[in-house]
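S.K.: Sharing a structure here in structure tokens format.
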Amino acid sequence: MLSANVLNKMIQMLSNMAITRLLSKADYGLWSFVLNQYSYLNLLTGLGLLSGAFQFGTETRNKKEEFEYYRFCLRTGILIDTILVAGFFAASFFIDFSIDGAQPYLRVYAPILLLEYILNLLLTVLRCENRIPEYAKILNLNTAMIAMGTCLGAFFGVWGVIIGKYTAYVLSIVQVVIKTQAEAQRIKCAQKIKWPQTKALWHYSLFVGASAAMNSLLYLLDVSMIAELIGDPLEVATYKVATLIPTGLSFIPSSVIVAIMPNIVQNNQNAMWLRRNVKKTFFYMGLINFGICAVLYVFSPFIISIVSGEQYLSAVPAFRILVIEYFFNGTFKSLSTNILASLRCVNYGLFLSTVSAISDVALNLFFIQKYGMIGAAYATLGVVLIVSVIGFSYLMWKIYRGSGKNAKC
């Protein structure tokens, strides 16, 4: 699973780099804005039910209730996303976007939300059922097809990139449906979950979903506020290039999280196990990330010119700040928030995310107006430092407090 997730994220990062060269700078700025606006919609997908499906599916593995949870999450999630897409489509006729020409692309791209949800829910079932080989193959196939489809489509502009993505998702869903025929039949025949189960599932899903959404706002707000306060697609493109590698490197902590999360969920009341393994995870993540960030910081001009071309060398200062931000994000913030979620500390996770979102807006308003595009990078670094200190400190207190009853918060 770890190798599959690493390969998946690396292909994504490399294909994004290729698109920066295949599209003109103006088109890449427009595409970045479209993808950024769609990402706001994606924050609400299923209202967090994908996280709930994984947590409750893992906890009830090989029990009757497991597929009852999947049935509820699949049907309810599709209904929620259908409403979201319809509302977004209608709203696009009345919203005056800061980048001209974005509306048609957004209206066509929005329905991909439904395809993503169906694919991710079925992949979650494979993870919970411990069918890792099938999960890995479909994940890698989906990423490879998206990379090929979007890169080939980029020769025809933004429309080509969108068509390439649709094609990749449809083919991937066909593959996962074939692989999960038995599970799909069990989902179809599963009974409705009872109200106490529904209540617990919604509590977990909404809190974790809200936390994840506000954590993701960090990068989305940067691009949106640059577009709003500066209004230049070239500045948007420059900042987006600065974020490509630091954001893409999130595959490192996310791969570790994907690999260890089932074990953490299953041992979330075993204090000794948590102390031993969580400490090791943070230590080795710190070593790996420090080495990567040191190389990226020193050779940043060379890296930017190779990856995106010399026309993007103005992105180097923001890139260096975001490399430092990644070290703290990839070593402390991401691991802390995800491990707390696996311990069902959803209330504290939502508190952290709220602090993150409020701080991000405030710091962006201050730094972008004062320093321009590079101010967004300063804001992101500031937010990550604040949340890393608070989240990591609370997690350490939680697992070392000595009570041994650290599964609930």
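Going through the structure tokens in order, the chains are called A, B, and so on, while each chain numbers its residues from 1 and the ligands are numbered from 1 in the order shown.
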Would you give me, as a tab-separated table, each residue of range 161-235 of chain A having an atom within 10 Å of an atom of range 106-125 of chain A, along with its shortest atom pair and that distance in Å to one decimal, using only C-alpha atoms and sorting by chain and residue number?
M.R.:
```
residue	atom	partner	partner_atom	distance
A:Ile162	CA	A:Tyr109	CA	6.6
A:Ile163	CA	A:Tyr109	CA	8.9
A:Lys165	CA	A:Ile112	CA	8.4
A:Tyr166	CA	A:Ile112	CA	6.8
A:Tyr169	CA	A:Leu115	CA	6.5
A:Val170	CA	A:Leu115	CA	7.3
A:Ser172	CA	A:Leu119	CA	7.4
A:Ile173	CA	A:Leu119	CA	5.7
A:Val174	CA	A:Leu119	CA	9.3
A:Gln175	CA	A:Leu119	CA	9.7
A:Val176	CA	A:Leu122	CA	6.9
A:Val177	CA	A:Leu122	CA	7.8
A:Lys179	CA	A:Leu122	CA	9.5
A:Thr180	CA	A:Leu122	CA	7.5
A:Glu183	CA	A:Val125	CA	7.9
A:Ala184	CA	A:Leu122	CA	8.6
```
S.K.: Show which residues sit within 10 Å of Gly57 in chain A, as a PDB file with C-alpha atoms, in the first residue's frame. Count only C-alpha atoms, and ignore same-chain residues fewer than 5 positions away.
M.R.:
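Produced file selection_17.pdb, reproduced below:
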```
ATOM      1  CA  SER A  51     -13.548   9.104   6.333  1.00  0.00           C
ATOM      2  CA  GLY A  52     -16.452   7.596   8.236  1.00  0.00           C
ATOM      3  CA  ASN A  62     -15.757  -9.152   9.139  1.00  0.00           C
ATOM      4  CA  LYS A  63     -18.921  -8.154  10.978  1.00  0.00           C
ATOM      5  CA  GLU A  65     -22.392  -3.995  10.289  1.00  0.00           C
ATOM      6  CA  GLU A  66     -19.400  -3.378   8.002  1.00  0.00           C
ATOM      7  CA  PHE A  67     -21.372  -3.394   4.748  1.00  0.00           C
ATOM      8  CA  GLU A  68     -24.290  -1.571   6.330  1.00  0.00           C
ATOM      9  CA  TYR A  69     -21.935   1.361   6.838  1.00  0.00           C
ATOM     10  CA  TYR A  70     -20.700   1.137   3.224  1.00  0.00           C
ATOM     11  CA  THR A 124     -12.006   2.462   0.663  1.00  0.00           C
ATOM     12  CA  VAL A 125     -13.909  -0.833   0.730  1.00  0.00           C
ATOM     13  CA  ARG A 127      -8.622  -1.014   1.930  1.00  0.00           C
ATOM     14  CA  CYS A 128     -10.920  -1.980   4.781  1.00  0.00           C
ATOM     15  CA  GLU A 129     -11.184  -5.519   3.428  1.00  0.00           C
TER      16      GLU A 129
END
```
S.K.: Which neighbours of range 368-385 of chain A fall inside 7 Å, counting only C-alpha atoms, when residues of the same chain fewer than 3 positions from it are skipped, and could you give them as a PyMOL selection string?
M.R.: chain A and resi 218+222+226+235+239+318+321-322+325+328-329+333+356+359-360+363-365+388-389
S.K.: Pick out the residues sitting within 12 Å of Ser353 in chain A, and hand them over as a ChimeraX atom specification; count only C-alpha atoms, and ignore anything fewer than 4 positions along from it in its own chain.
M.R.: /A:207-218,333-334,336-338,341,346-349,357-360,383-384,386-388,390-391
S.K.: Store the residues of this selection in a file with C-alpha atoms, as a PDB file, in the first residue's frame.
M.R.:
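Below is the file again-v6.pdb, written as the result:
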```
ATOM      1  CA  PHE A 207     -16.140  16.505  12.427  1.00  0.00           C
ATOM      2  CA  VAL A 208     -13.346  14.800  10.481  1.00  0.00           C
ATOM      3  CA  GLY A 209     -14.711  16.130   7.186  1.00  0.00           C
ATOM      4  CA  ALA A 210     -14.845  19.674   8.540  1.00  0.00           C
ATOM      5  CA  SER A 211     -11.322  19.327   9.915  1.00  0.00           C
ATOM      6  CA  ALA A 212      -9.961  18.015   6.611  1.00  0.00           C
ATOM      7  CA  ALA A 213     -11.765  20.749   4.677  1.00  0.00           C
ATOM      8  CA  MET A 214     -10.329  23.538   6.790  1.00  0.00           C
ATOM      9  CA  ASN A 215      -6.855  22.000   6.632  1.00  0.00           C
ATOM     10  CA  SER A 216      -7.072  21.965   2.833  1.00  0.00           C
ATOM     11  CA  LEU A 217      -8.119  25.610   2.787  1.00  0.00           C
ATOM     12  CA  LEU A 218      -4.491  26.516   3.444  1.00  0.00           C
ATOM     13  CA  LYS A 333       0.997  18.824  11.325  1.00  0.00           C
ATOM     14  CA  SER A 334      -0.263  16.096   8.966  1.00  0.00           C
ATOM     15  CA  SER A 336      -0.604  14.792  14.351  1.00  0.00           C
ATOM     16  CA  THR A 337      -4.043  15.622  12.911  1.00  0.00           C
ATOM     17  CA  ASN A 338      -4.496  12.208  11.275  1.00  0.00           C
ATOM     18  CA  ALA A 341      -8.557  11.423  14.120  1.00  0.00           C
ATOM     19  CA  VAL A 346     -12.552  14.653  16.402  1.00  0.00           C
ATOM     20  CA  ASN A 347     -13.522  17.605  18.589  1.00  0.00           C
ATOM     21  CA  TYR A 348      -9.924  18.659  19.075  1.00  0.00           C
ATOM     22  CA  GLY A 349      -9.223  18.041  15.403  1.00  0.00           C
ATOM     23  CA  ALA A 357      -8.586  28.457   8.727  1.00  0.00           C
ATOM     24  CA  ILE A 358      -8.991  31.665  10.748  1.00  0.00           C
ATOM     25  CA  SER A 359      -5.234  32.194  10.953  1.00  0.00           C
ATOM     26  CA  ASP A 360      -4.846  31.567   7.221  1.00  0.00           C
ATOM     27  CA  VAL A 383      -0.316  28.837   9.945  1.00  0.00           C
ATOM     28  CA  VAL A 384       1.530  25.516   9.748  1.00  0.00           C
ATOM     29  CA  ILE A 386       0.973  27.478  14.818  1.00  0.00           C
ATOM     30  CA  VAL A 387      -1.035  24.288  14.167  1.00  0.00           C
ATOM     31  CA  SER A 388       2.035  22.021  14.324  1.00  0.00           C
ATOM     32  CA  ILE A 390      -0.588  22.949  19.152  1.00  0.00           C
ATOM     33  CA  GLY A 391      -1.435  19.617  17.492  1.00  0.00           C
TER      34      GLY A 391
END
```
S.K.: I need the residue nearest Met145 in chain A from this list: A:Ile11, A:Leu352, A:Val85, A:Cys189. Use only C-alpha atoms for the distance.
M.R.: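 The answer is A:Ile11, which sits nearest to Met145 in chain A.
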S.K.: I want to know what sits within 8 Å of range 287-292 of chain A, based on only C-alpha atoms, with residues of the same chain fewer than 3 positions away left out; could you give that as an mmCIF file with C-alpha atoms, in the first residue's frame?
M.R.:
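Written out: result14.cif:
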```
data_model
loop_
_atom_site.group_PDB
_atom_site.id
_atom_site.type_symbol
_atom_site.label_atom_id
_atom_site.label_comp_id
_atom_site.auth_asym_id
_atom_site.auth_seq_id
_atom_site.Cartn_x
_atom_site.Cartn_y
_atom_site.Cartn_z
ATOM 1 C CA PHE A 283 11.545 10.512 14.345
ATOM 2 C CA TYR A 284 12.054 8.896 10.952
ATOM 3 C CA VAL A 295 18.365 19.677 -1.062
ATOM 4 C CA LEU A 296 15.298 21.498 -2.420
ATOM 5 C CA PHE A 327 9.061 20.300 6.631
ATOM 6 C CA GLY A 330 4.988 16.818 6.615
ATOM 7 C CA THR A 331 6.726 16.061 9.895
#
```
S.K.: I'd like to know which of A:Ser92, A:Asn8, A:Thr20, A:Thr247 is closest to Leu139 in chain A, using only C-alpha atoms.
M.R.: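 That would be A:Asn8, the residue with the smallest distance to Leu139 in chain A.
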S.K.: Would you kindly return, as an NGL selection string, each protein, DNA or RNA residue with an atom no farther than 12 Å from any atom of Ile193 in chain A, considering only C-alpha atoms and excluding same-chain residues fewer than 2 positions away?
M.R.: :A and (56 or 64-73 or 187 or 190-191 or 195-202)
S.K.: For range 249-253 of chain A, find every residue with an atom within 8 Å (counting only C-alpha atoms), except residues of its own chain fewer than 6 positions away, and show them as a compact mmCIF listing (two decimals) with N, CA and C atoms, in the first residue's frame.
M.R.:
```
# COMPACT_ATOMS: atom_id res chain seq x y z
N ASN A 5 0.89 4.10 -2.95
CA ASN A 5 0.55 5.50 -2.69
C ASN A 5 1.68 6.43 -3.08
N VAL A 6 2.94 6.01 -2.83
CA VAL A 6 4.09 6.82 -3.22
C VAL A 6 4.13 6.98 -4.74
N LYS A 9 1.35 9.37 -5.96
CA LYS A 9 1.61 10.80 -5.74
C LYS A 9 2.74 11.30 -6.62
N MET A 10 3.75 10.47 -6.87
CA MET A 10 4.86 10.90 -7.71
C MET A 10 4.40 11.12 -9.15
N MET A 285 10.26 10.31 10.12
CA MET A 285 9.71 11.30 9.19
C MET A 285 10.52 12.59 9.24
N TYR A 326 6.73 22.90 4.22
CA TYR A 326 6.49 21.46 4.06
C TYR A 326 7.16 20.66 5.17
N GLY A 330 4.79 18.24 6.85
CA GLY A 330 4.99 16.82 6.62
C GLY A 330 5.50 16.05 7.81
N THR A 331 6.17 16.74 8.73
CA THR A 331 6.73 16.06 9.90
C THR A 331 5.78 16.09 11.09
N SER A 334 0.54 17.14 9.61
CA SER A 334 -0.26 16.10 8.97
C SER A 334 -0.37 14.84 9.83
N LEU A 335 0.78 14.40 10.36
CA LEU A 335 0.76 13.19 11.18
C LEU A 335 -0.07 13.40 12.44
```
S.K.: What is the CA of Gly248 in chain A-CA of Leu7 in chain A distance in Å, reported with one decimal?
M.R.: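 Straight-line distance from CA of Gly248 in chain A to CA of Leu7 in chain A works out to 11.8 Å.
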S.K.: Of the residues A:Leu221, A:Ile399, A:Val298, A:Ala259, which is the one nearest to Tyr40 in chain A, using only C-alpha atoms?
M.R.: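 Counting only C-alpha atoms, the residue closest to Tyr40 in chain A is A:Leu221.
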